[in-house]
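Enquirer: Got start.txt for you, compact mmCIF, C-alpha atoms:
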```txt
# COMPACT_ATOMS: atom_id res chain seq x y z
CA MET A 18 43.98 38.20 30.37
CA ALA A 19 44.79 41.85 30.99
CA THR A 20 41.67 42.22 33.14
CA SER A 21 42.58 39.29 35.38
CA ARG A 22 46.09 40.73 35.81
CA ASP A 23 44.55 44.10 36.69
CA ASP A 24 42.29 42.40 39.24
CA PHE A 25 45.30 40.69 40.78
CA VAL A 26 47.21 43.98 41.03
CA ILE A 27 44.21 45.76 42.50
CA ALA A 28 43.67 43.00 45.09
CA ILE A 29 47.36 43.01 46.05
CA ARG A 30 47.48 46.81 46.22
CA SER A 31 44.34 46.91 48.29
CA ALA A 32 45.65 44.20 50.66
CA PHE A 33 49.05 45.73 51.30
CA LEU A 34 48.57 49.48 50.88
CA LYS A 35 45.02 50.19 51.99
CA LYS A 36 44.39 50.87 55.66
CA GLY A 37 41.19 49.58 57.21
CA THR A 38 38.84 51.96 58.98
CA LYS A 39 40.31 51.12 62.40
CA GLN A 40 43.86 50.39 61.20
CA ARG A 41 46.51 52.95 62.06
CA PHE A 42 49.31 51.44 59.99
CA SER A 43 49.43 50.04 56.49
CA LEU A 44 50.58 46.46 56.10
CA ILE A 45 53.41 47.32 53.72
CA GLY A 46 54.73 49.99 56.13
CA LEU A 47 54.95 47.50 58.99
CA ILE A 48 56.49 44.81 56.75
CA ILE A 49 59.21 47.26 55.69
CA PHE A 50 59.77 48.23 59.34
CA SER A 51 60.09 44.52 60.30
CA ILE A 52 62.65 43.95 57.53
CA PHE A 53 64.53 47.05 58.75
CA LEU A 54 64.59 45.61 62.31
CA ILE A 55 65.85 42.24 61.02
CA PHE A 56 68.58 44.02 59.05
CA LEU A 57 69.69 46.02 62.12
CA ASN A 58 69.70 42.75 64.08
CA SER A 59 71.86 41.00 61.52
CA ILE A 60 74.52 43.74 61.69
CA ASN A 61 74.30 43.74 65.51
CA PHE A 62 73.32 47.40 65.71
CA LYS A 63 73.83 48.71 69.26
CA ALA A 64 70.49 50.51 69.64
CA ILE A 65 68.66 47.32 68.70
CA ASN A 66 70.49 45.46 71.45
CA TYR A 67 69.33 48.05 74.00
CA LEU A 68 65.75 47.81 72.68
CA LYS A 69 65.96 44.01 72.83
CA SER A 70 67.34 44.02 76.36
CA GLY A 71 64.57 46.34 77.59
CA LEU A 72 61.92 44.31 75.80
CA ASN A 73 63.32 41.07 77.23
CA GLU A 74 63.07 42.33 80.83
CA VAL A 75 59.39 43.23 80.41
CA VAL A 76 58.29 40.30 78.26
CA TYR A 77 60.02 37.61 80.36
CA ARG A 78 58.19 38.79 83.48
CA ILE A 79 54.79 38.97 81.73
CA SER A 80 55.41 35.64 80.04
CA PHE A 81 56.23 34.06 83.40
CA ILE A 82 52.85 35.15 84.77
CA VAL A 83 50.94 34.18 81.62
CA SER A 84 52.61 30.76 81.56
CA LEU A 85 51.59 29.92 85.14
CA PRO A 86 48.31 28.12 84.30
CA GLU A 87 49.95 25.94 81.63
CA LYS A 88 52.85 25.26 83.98
CA GLN A 89 50.34 24.20 86.64
CA ILE A 90 48.69 21.75 84.21
CA ASN A 91 52.10 20.44 83.22
CA ASN A 92 53.12 19.95 86.87
CA SER A 93 49.84 18.17 87.63
CA VAL A 94 50.36 15.75 84.71
CA ILE A 95 53.89 15.03 85.92
CA SER A 96 52.89 14.58 89.57
CA ILE A 97 50.13 12.12 88.58
CA LYS A 98 52.61 10.16 86.45
CA ASN A 99 55.16 10.21 89.29
CA HIS A 100 52.57 9.07 91.78
CA LEU A 101 51.65 6.10 89.60
CA LYS A 102 55.28 5.07 89.25
CA LEU A 103 56.14 5.59 92.92
CA TYR A 104 56.43 1.98 94.11
CA GLU A 105 58.44 0.85 91.10
CA GLU A 106 60.81 3.79 91.48
CA PHE A 107 61.21 3.17 95.20
CA ASN A 108 62.53 -0.34 94.59
CA GLU A 109 64.86 0.86 91.81
CA THR A 110 66.18 3.67 94.02
CA LYS A 111 66.78 1.25 96.88
CA ASP A 112 68.95 -0.98 94.67
CA GLU A 113 70.76 2.01 93.21
CA LEU A 114 71.48 3.40 96.68
CA LYS A 115 73.10 0.16 97.72
CA ILE A 116 75.47 0.33 94.74
CA LEU A 117 76.20 4.02 95.23
CA LYS A 118 76.99 3.55 98.92
CA GLY A 119 79.63 1.06 97.91
CA LYS A 120 81.11 3.40 95.32
CA ASN A 121 81.14 6.35 97.70
CA PHE A 122 83.69 4.66 99.97
CA ASN A 123 86.27 4.88 97.21
CA LEU A 124 85.39 8.39 96.08
CA ASN A 125 86.98 10.47 98.84
CA TYR A 126 90.17 8.53 98.63
CA LEU A 127 90.32 8.98 94.83
CA LYS A 128 89.60 12.70 95.11
CA SER A 129 92.41 13.40 97.52
CA GLU A 130 94.73 11.21 95.47
CA ASN A 131 93.78 13.14 92.34
CA ASP A 132 94.49 16.52 94.01
CA ARG A 133 97.85 15.25 95.25
CA LEU A 134 98.83 13.99 91.78
CA ARG A 135 97.73 17.22 90.09
CA LYS A 136 99.88 19.14 92.51
CA LEU A 137 102.80 16.88 91.63
CA ILE A 138 102.52 17.54 87.88
CA ASP A 139 101.99 21.28 88.60
CA GLU A 140 98.62 21.45 86.84
CA TYR A 141 96.26 24.30 87.62
CA ILE A 142 93.23 23.75 89.80
CA ILE A 143 89.90 25.16 88.71
CA ASN A 144 88.27 27.71 90.94
CA SER A 145 84.53 28.09 90.49
CA GLU A 146 81.88 30.56 91.59
CA GLU A 147 78.32 29.38 91.94
CA LEU A 148 75.03 31.20 91.78
CA VAL A 149 71.60 29.64 92.23
CA ALA A 150 68.85 30.93 89.94
CA LYS A 151 65.16 30.28 89.55
CA VAL A 152 63.84 29.16 86.17
CA LEU A 153 61.30 31.76 85.04
CA LEU A 154 60.44 30.28 81.66
CA ASP A 155 61.10 26.90 80.23
CA LYS A 156 60.60 27.18 76.47
CA ASP A 157 60.75 23.61 75.32
CA SER A 158 59.54 24.30 71.80
CA PRO A 159 60.64 21.99 68.98
CA PHE A 160 62.73 24.79 67.50
CA LEU A 161 64.42 26.21 70.53
CA LYS A 162 65.46 24.53 73.75
CA SER A 163 66.23 27.28 76.19
CA LEU A 164 65.28 28.59 79.59
CA ILE A 165 65.07 32.00 81.19
CA VAL A 166 66.53 32.48 84.67
CA ASN A 167 66.01 35.30 87.15
CA LYS A 168 69.65 36.38 87.36
CA GLY A 169 71.33 38.90 85.08
CA SER A 170 74.19 41.35 84.72
CA LYS A 171 73.31 42.89 88.10
CA ASP A 172 74.34 39.55 89.65
CA SER A 173 77.62 39.57 87.64
CA LEU A 174 76.35 36.93 85.24
CA LYS A 175 78.34 36.58 82.03
CA ILE A 176 77.75 35.01 78.63
CA GLY A 177 79.28 31.54 78.45
CA MET A 178 78.72 30.54 82.10
CA ALA A 179 77.83 26.91 82.62
CA VAL A 180 74.33 25.99 83.77
CA LEU A 181 74.14 22.95 86.02
CA ASP A 182 71.32 20.90 87.46
CA GLY A 183 72.98 19.56 90.60
CA PRO A 184 76.31 18.20 89.37
CA TYR A 185 75.13 17.74 85.75
CA LEU A 186 75.70 20.10 82.84
CA ILE A 187 72.48 21.26 81.20
CA GLY A 188 73.48 24.30 79.15
CA LYS A 189 75.24 27.62 78.95
CA ILE A 190 74.28 31.28 79.21
CA VAL A 191 73.84 32.86 75.77
CA GLU A 192 72.07 36.12 76.54
CA VAL A 193 72.38 38.37 79.60
CA ASN A 194 69.94 41.17 80.43
CA TYR A 195 69.91 43.33 83.56
CA ALA A 196 67.79 41.03 85.76
CA THR A 197 67.21 37.98 83.55
CA SER A 198 69.22 35.72 81.26
CA ARG A 199 68.66 33.05 78.63
CA ALA A 200 70.44 29.70 78.79
CA LEU A 201 70.72 27.49 75.72
CA LEU A 202 70.12 23.88 76.75
CA ILE A 203 72.45 21.08 75.65
CA SER A 204 69.51 19.49 73.84
CA ASP A 205 69.19 22.44 71.43
CA LEU A 206 70.21 21.81 67.84
CA ASN A 207 72.65 24.72 67.99
CA SER A 208 74.43 23.54 71.15
CA LYS A 209 77.93 22.11 70.60
CA ILE A 210 79.90 20.93 73.65
CA PRO A 211 83.44 19.48 73.62
CA VAL A 212 83.16 16.20 75.51
CA ILE A 213 85.17 13.17 76.50
CA LEU A 214 83.81 9.61 76.58
CA GLU A 215 85.00 7.41 79.42
CA PRO A 216 86.32 4.77 79.70
CA GLY A 217 88.44 5.11 76.59
CA ASP A 218 89.45 8.78 76.73
CA ILE A 219 87.65 9.52 73.45
CA GLN A 220 87.56 13.24 72.60
CA SER A 221 84.51 14.43 70.70
CA ILE A 222 81.89 17.14 70.13
CA MET A 223 78.38 16.55 71.44
CA SER A 224 75.53 18.26 69.65
CA GLY A 225 71.90 18.68 70.69
CA THR A 226 69.21 17.13 68.52
CA GLY A 227 66.19 19.20 69.48
CA LYS A 228 64.96 16.10 71.34
CA ASN A 229 65.68 14.82 74.86
CA PHE A 230 68.96 13.27 73.84
CA GLY A 231 72.26 14.37 72.33
CA GLU A 232 74.47 12.93 69.63
CA ILE A 233 78.15 12.74 68.90
CA GLN A 234 78.89 15.00 66.00
CA HIS A 235 82.56 14.43 65.55
CA PHE A 236 85.12 11.84 66.60
CA LYS A 237 88.81 12.40 66.26
CA LYS A 238 89.24 8.70 65.46
CA GLU A 239 86.90 5.86 64.54
CA PHE A 240 85.81 3.79 67.52
CA ALA A 241 83.65 0.75 67.90
CA PHE A 242 81.47 0.92 70.98
CA THR A 243 80.96 -2.32 72.72
CA GLU A 244 80.11 -1.02 76.18
CA LYS A 245 78.18 1.89 77.67
CA LYS A 246 80.24 5.02 78.12
CA LEU A 247 79.84 8.07 80.31
CA VAL A 248 80.08 11.52 78.76
CA TYR A 249 81.88 14.38 80.54
CA THR A 250 82.94 17.84 79.40
CA SER A 251 86.47 17.70 78.05
CA GLY A 252 87.42 21.26 78.91
CA ALA A 253 88.62 21.84 75.34
CA GLY A 254 88.03 25.40 74.18
CA GLY A 255 88.18 26.66 77.75
CA VAL A 256 84.41 27.28 78.06
CA PHE A 257 83.76 24.68 80.73
CA LYS A 258 86.10 22.91 83.11
CA SER A 259 86.77 19.27 82.34
CA GLY A 260 84.91 16.46 84.04
CA ILE A 261 81.37 17.84 84.41
CA PRO A 262 79.03 14.87 83.91
CA VAL A 263 76.69 15.29 80.92
CA GLY A 264 75.11 11.97 80.09
CA GLU A 265 75.48 8.37 79.08
CA TYR A 266 76.27 7.03 75.60
CA ILE A 267 73.56 4.37 75.37
CA GLU A 268 73.36 3.25 71.78
CA GLU A 269 74.41 4.10 68.23
CA ASN A 270 75.14 7.82 68.48
CA LYS A 271 72.60 8.57 71.20
CA ILE A 272 73.44 10.27 74.49
CA LYS A 273 70.91 10.15 77.29
CA PHE A 274 71.30 13.22 79.51
CA PHE A 275 71.69 12.68 83.25
CA SER A 276 69.36 15.56 83.97
CA ASP A 277 65.68 15.71 82.98
CA LEU A 278 65.63 19.00 81.08
CA SER A 279 61.86 19.37 81.28
CA GLN A 280 61.84 19.34 85.09
CA LEU A 281 64.00 22.32 85.98
CA THR A 282 62.95 24.78 88.68
CA PHE A 283 66.28 25.91 90.13
CA VAL A 284 69.66 25.77 88.39
CA LYS A 285 73.26 26.54 89.30
CA LEU A 286 75.14 29.09 87.21
CA VAL A 287 78.85 28.48 87.42
CA SER A 288 81.86 30.35 86.12
CA PHE A 289 85.23 28.63 86.13
CA GLU A 290 88.54 30.31 86.61
CA LYS A 291 91.96 28.76 86.29
CA LYS A 292 93.78 29.06 89.60
CA GLU A 293 97.43 29.17 88.64
CA ASN A 294 100.38 28.59 91.00
CA TYR A 295 98.51 26.12 93.10
CA MET B 9 27.40 51.76 86.93
CA SER B 10 24.27 51.26 84.86
CA ILE B 11 23.38 47.92 83.35
CA GLU B 12 23.80 49.43 79.89
CA SER B 13 27.38 50.56 80.47
CA LYS B 14 28.22 47.20 82.12
CA LYS B 15 26.91 45.50 78.99
CA THR B 16 29.07 47.76 76.80
CA ILE B 17 32.23 46.89 78.76
CA PHE B 18 31.36 43.19 78.59
CA PHE B 19 30.92 43.40 74.80
CA LYS B 20 34.16 45.31 74.46
CA ILE B 21 35.98 42.49 76.27
CA LEU B 22 34.26 39.90 74.08
CA GLU B 23 35.25 41.88 70.98
CA SER B 24 38.85 42.07 72.13
CA ALA B 25 38.99 38.33 72.90
CA PRO B 26 40.90 37.42 69.68
CA LEU B 27 43.53 40.05 70.47
CA ILE B 28 43.82 38.93 74.12
CA LEU B 29 44.12 35.32 72.95
CA LEU B 30 46.85 36.32 70.48
CA PHE B 31 48.94 37.96 73.20
CA ILE B 32 48.38 35.07 75.61
CA SER B 33 49.40 32.58 72.93
CA VAL B 34 52.62 34.41 72.00
CA LEU B 35 53.58 35.02 75.62
CA ASN B 36 52.73 31.52 76.73
CA GLU B 37 53.85 29.81 73.52
CA PHE B 38 51.26 27.02 73.66
CA ASP B 39 53.27 24.04 72.58
CA PHE B 40 51.74 21.05 74.39
CA ASN B 41 55.24 19.58 74.55
CA TYR B 42 54.54 18.01 77.92
CA LEU B 43 52.34 15.54 76.04
CA ASN B 44 55.62 14.26 74.56
CA TYR B 45 54.21 13.29 71.18
CA LYS B 46 56.97 13.03 68.62
CA TYR B 47 56.82 15.78 65.96
CA PHE B 48 53.58 17.13 67.40
CA SER B 49 53.37 20.88 67.67
CA PHE B 50 51.30 23.54 66.00
CA ASN B 51 51.43 27.28 65.61
CA PHE B 52 48.31 28.70 67.19
CA PRO B 53 49.09 32.38 66.42
CA PHE B 54 49.20 31.53 62.68
CA ILE B 55 45.68 30.10 62.84
CA LEU B 56 44.38 32.98 64.94
CA ILE B 57 45.92 35.73 62.80
CA TYR B 58 44.84 34.18 59.49
CA TYR B 59 41.26 33.52 60.58
CA TRP B 60 40.59 36.92 62.13
CA SER B 61 42.43 38.85 59.39
CA LEU B 62 40.25 37.06 56.91
CA LYS B 63 36.91 37.41 58.68
CA ARG B 64 37.24 40.62 60.64
CA SER B 65 40.55 42.41 60.18
CA ASP B 66 39.64 45.11 62.73
CA SER B 67 39.62 42.51 65.52
CA LEU B 68 43.39 42.31 65.70
CA GLY B 69 44.91 45.36 63.98
CA TYR B 70 48.23 45.28 62.15
CA GLY B 71 49.98 47.35 64.84
CA PHE B 72 49.06 44.86 67.57
CA ILE B 73 50.03 41.93 65.34
CA PHE B 74 53.43 43.56 64.83
CA ILE B 75 53.88 43.99 68.61
CA ALA B 76 52.74 40.39 69.21
CA GLY B 77 55.46 39.31 66.78
CA LEU B 78 58.08 41.26 68.74
CA PHE B 79 56.90 39.56 71.96
CA ASN B 80 57.06 36.16 70.28
CA ASP B 81 60.64 36.84 69.16
CA VAL B 82 61.62 37.62 72.73
CA VAL B 83 59.92 34.55 74.18
CA ILE B 84 61.34 32.02 71.72
CA GLY B 85 64.65 33.81 71.21
CA PHE B 86 64.36 34.70 67.53
CA PRO B 87 65.97 37.86 66.09
CA THR B 88 63.77 40.94 66.65
CA GLY B 89 61.27 41.55 63.85
CA LEU B 90 61.28 38.05 62.38
CA SER B 91 57.97 36.82 63.81
CA SER B 92 56.41 40.23 63.10
CA LEU B 93 57.35 39.84 59.45
CA THR B 94 55.93 36.30 59.36
CA TYR B 95 52.67 37.37 61.00
CA LEU B 96 52.30 40.35 58.65
CA ILE B 97 52.86 38.13 55.60
CA ILE B 98 49.97 35.98 56.86
CA CYS B 99 47.86 39.14 57.22
CA GLY B 100 48.77 40.10 53.64
CA PHE B 101 47.69 36.74 52.26
CA ALA B 102 44.46 36.85 54.28
CA ALA B 103 43.71 40.39 53.08
CA TYR B 104 44.35 39.34 49.47
CA LEU B 105 41.99 36.37 49.80
CA ARG B 106 39.35 38.60 51.39
CA ASN B 107 39.60 41.02 48.46
CA ILE B 108 39.20 38.38 45.76
CA THR B 109 36.50 36.31 47.49
CA LEU B 110 32.82 36.95 46.85
CA HIS B 111 31.41 33.82 48.47
CA PRO B 112 33.60 32.61 51.38
CA ASN B 113 34.12 28.87 51.56
CA ILE B 114 35.86 27.01 54.37
CA ILE B 115 37.70 24.59 52.05
CA ASN B 116 39.07 27.45 49.91
CA ASP B 117 40.16 29.32 53.02
CA TRP B 118 41.75 26.16 54.39
CA LEU B 119 43.72 25.37 51.24
CA PHE B 120 44.82 28.98 50.90
CA PHE B 121 45.93 28.80 54.53
CA LEU B 122 48.30 25.95 53.60
CA LEU B 123 49.87 28.09 50.87
CA THR B 124 50.07 31.01 53.32
CA ILE B 125 51.86 29.11 56.09
CA LEU B 126 54.19 27.46 53.59
CA VAL B 127 55.27 30.86 52.28
CA ALA B 128 55.40 32.53 55.72
CA THR B 129 57.37 29.66 57.32
CA SER B 130 59.72 29.48 54.32
CA VAL B 131 60.51 33.20 54.62
CA ASN B 132 60.96 32.86 58.38
CA TYR B 133 63.36 29.91 58.26
CA PHE B 134 65.13 31.10 55.11
CA LEU B 135 66.12 34.26 57.01
CA LEU B 136 66.99 32.27 60.14
CA ILE B 137 69.18 29.80 58.26
CA THR B 138 70.89 32.13 55.79
CA ILE B 139 71.34 35.33 57.81
CA PHE B 140 71.42 34.11 61.40
CA LYS B 141 73.02 30.67 60.74
CA VAL B 142 70.58 28.73 62.91
CA ASP B 143 70.21 24.95 62.58
CA VAL B 144 66.66 23.72 62.09
CA ASN B 145 65.15 20.26 62.48
CA TYR B 146 63.17 19.87 59.26
CA TYR B 147 61.09 16.94 60.56
CA ASP B 148 59.81 19.08 63.43
CA LEU B 149 59.19 21.95 61.06
CA THR B 150 57.21 19.78 58.64
CA GLY B 151 55.23 18.32 61.56
CA ASN B 152 54.49 21.82 62.80
CA ILE B 153 53.22 23.00 59.40
CA PHE B 154 51.14 19.86 58.92
CA PHE B 155 49.45 20.06 62.33
CA THR B 156 48.92 23.83 62.01
CA PHE B 157 47.19 23.20 58.69
CA LEU B 158 45.10 20.39 60.16
CA PHE B 159 44.08 22.32 63.27
CA TYR B 160 42.95 25.33 61.24
CA TYR B 161 39.88 23.37 60.17
CA ILE B 162 38.90 22.63 63.78
CA PHE B 163 39.65 26.09 65.11
CA SER B 164 37.82 27.77 62.23
CA PHE B 165 34.58 26.15 63.44
CA ILE B 166 35.21 27.31 67.02
CA PHE B 167 36.03 30.84 65.84
CA GLU B 168 33.04 30.83 63.47
CA PHE B 169 30.76 29.98 66.39
CA TYR B 170 32.29 32.79 68.45
CA TYR B 171 32.09 35.22 65.52
CA LYS B 172 28.38 34.51 65.03
CA LYS B 173 27.63 34.76 68.76
CA VAL B 174 29.52 37.98 69.44
CA PHE B 175 29.88 40.09 66.31
CA LYS B 176 26.74 39.18 64.38
CA ARG B 177 24.57 39.46 67.46
CA LYS B 178 26.03 42.93 68.06
CA LYS B 179 25.14 43.93 64.51
CA ASN B 180 21.57 42.74 65.06
CA ASP B 181 21.34 44.66 68.36
```
Go ahead and render the structure in this file as structure tokens.
Expert:
Amino acid sequence: MATSRDDFVIAIRSAFLKKGTKQRFSLIGLIIFSIFLIFLNSINFKAINYLKSGLNEVVYRISFIVSLPEKQINNSVISIKNHLKLYEEFNETKDELKILKGKNFNLNYLKSENDRLRKLIDEYIINSEELVAKVLLDKDSPFLKSLIVNKGSKDSLKIGMAVLDGPYLIGKIVEVNYATSRALLISDLNSKIPVILEPGDIQSIMSGTGKNFGEIQHFKKEFAFTEKKLVYTSGAGGVFKSGIPVGEYIEENKIKFFSDLSQLTFVKLVSFEKKENY
Amino acid sequence: MSIESKKTIFFKILESAPLILLFISVLNEFDFNYLNYKYFSFNFPFILIYYWSLKRSDSLGYGFIFIAGLFNDVVIGFPTGLSSLTYLIICGFAAYLRNITLHPNIINDWLFFLLTILVATSVNYFLLITIFKVDVNYYDLTGNIFFTFLFYYIFSFIFEFYYKKVFKRKKND
């Protein structure tokens, strides 16, 4: 019994403390150093943030280059799929265009009416600044839905800015480096967006699921859904302005995003400012 | 350049292939997500690190594995040092198995690999959930562990073939 315990201790000691002939560091030394780094990270130590920021700049660029072949394969698969669906999509688009043309006639009138009414009730108007950025990396792993864009603090980017794909909300900036930034997508499990469901004026919080759809995490009241509802940002919390389209509530607690989050090449980064005394 | 020195450079590249592959895999984060299979993903660096730490620990080097972990943290947005710790735990398990094994056996290695990734992933996500308050989808995580375990068997044959072709031939030369 004692011998087998001795063997175990010797094997463990040899594995963790002994350096191989070509090894410069012992395993236990590096493990302790990793734990030290994690600890500094957890207390948000300043020097670690500088190290991280520098590392991010270098690694994002290298990763962009290394990812090119896989991206190319991915794009080829998508273009083949798109090509096969072309005729079907053409007919669908034609029908959709007809409907949209009809709706567009009313839109301008409604917009000017809305501005006029807002002015009447003395509400502020939102002023926004837009920036177009290229997607460097699109890390669609099961554990993290984020993307890296080629704009950073040198372009006056700030944490919390909204990331849009055309008119649709797709995420927000969570990390800003000098020339690059990371945006957390709305599909990420850790993304929580205050939203409003229309028609019905239902206030809620939308959470990502780690999949290509979102879910309603919290309702202020209980509602029975009998019809499809559109999901917009509610503007609660002051992070985003109200009324940015997000997706469509299609079935029992499932929100289909308007934007295809796996097909992003350029995105808009928008900051909103309240313009008082309009 | 003589043919001999050209040969040496070529063999050096072949010898460094596991390390190059490790850095490519952490920087590229092979995920095959465009295939859109539900719950399908696997952790290639786990397989690579375990196999080469077990068979030929000098191929990767703990220092490089640590740096690869730092790169992986940056790419997937984890706190700095977390992936390094996970990778080094895998190295520790592999080194322990190497020390206690007299006659290597693929099934033993494979089953021990399951224990290794269960412990390494548990440590990783325990720290993520408790210290950094990150939400995790446990179905995806289970799928990832399962497929990583499954794929080890396939990759071990590919790596074994490479190992015999490159390193054993060099020994014979």
Enquirer: Would you please work out which residue, of A:Asp24, A:Glu215, A:Glu106, A:Glu232, is nearest to chain B when using all atoms listed in the file?
Expert: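 Using all atoms listed in the file, the shortest distance to chain B belongs to A:Asp24.
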Enquirer: Report the distance between atom CA of Ser93 of chain A and atom CA of Tyr160 of chain B in Å, rounded to one decimal place.
Expert: 28.2 Å
Enquirer: Can you write out as a Markdown table which residues of segment 164-278 of chain A fall within 12 Å of segment 45-62 of chain B, alongside each residue's closest atom pair and its distance in Å to one decimal, counting only C-alpha atoms and ordering rows by chain and ascending residue number?
Expert:
```
| residue | atom | partner | partner_atom | distance |
| --- | --- | --- | --- | --- |
| A:Gly227 | CA | B:Tyr47 | CA | 10.6 |
| A:Lys228 | CA | B:Lys46 | CA | 9.0 |
| A:Asn229 | CA | B:Lys46 | CA | 10.9 |
```
Enquirer: Where does chain A meet chain B within 6 Å, residue by residue, with the nearest atom pair and distance in Å to one decimal for each, counting all atoms listed in the file, listed by chain and rising number, as a Markdown table?
Expert:
```
| residue | atom | partner | partner_atom | distance |
| --- | --- | --- | --- | --- |
| A:Ala28 | CA | B:Asn107 | CA | 5.6 |
| A:Ile29 | CA | B:Tyr104 | CA | 5.9 |
| A:Ala32 | CA | B:Ala103 | CA | 4.9 |
| A:Gln40 | CA | B:Gly69 | CA | 5.8 |
| A:Ile48 | CA | B:Leu93 | CA | 5.7 |
| A:Ser51 | CA | B:Gly89 | CA | 4.8 |
| A:Leu54 | CA | B:Gly89 | CA | 5.5 |
| A:Ile55 | CA | B:Gly89 | CA | 5.4 |
| A:Asn73 | CA | B:Val82 | CA | 5.9 |
| A:Ser80 | CA | B:Leu35 | CA | 4.8 |
| A:Val83 | CA | B:Asn36 | CA | 5.8 |
| A:Ser84 | CA | B:Asn36 | CA | 4.9 |
| A:Asn207 | CA | B:Asp143 | CA | 5.9 |
```
Enquirer: One decimal, Å: what's the distance from atom CA of Phe134 of chain B over to atom CA of Phe56 of chain A, could you say?
Expert: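 Between atom CA of Phe134 of chain B and atom CA of Phe56 of chain A the gap is 13.9 Å.
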Enquirer: What lies within 7 Å of Arg199 of chain A using only C-alpha atoms, ignoring chain neighbours under 2 positions off, as a list of chain:residue names?
Expert: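 Returned residues: A:Ser163, A:Leu164, A:Ile165, A:Val166, A:Ile190, A:Val191, A:Glu192, A:Val193, A:Leu201.
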Enquirer: For each of A:Met178, A:Ile52, A:Val284, A:Ile116, take the minimum atom-to-atom distance to Lys258 of chain A, counting all atoms listed in the file, then give the residue where this is smallest.
Expert: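 That would be A:Met178, the residue with the smallest distance to Lys258 of chain A.
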Enquirer: Could you tell me how far atom CA of Lys168 of chain A lies from atom CA of Glu265 of chain A, in Å and to one decimal?
Expert: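 Atom-to-atom, atom CA of Lys168 of chain A to atom CA of Glu265 of chain A, that is 29.8 Å.
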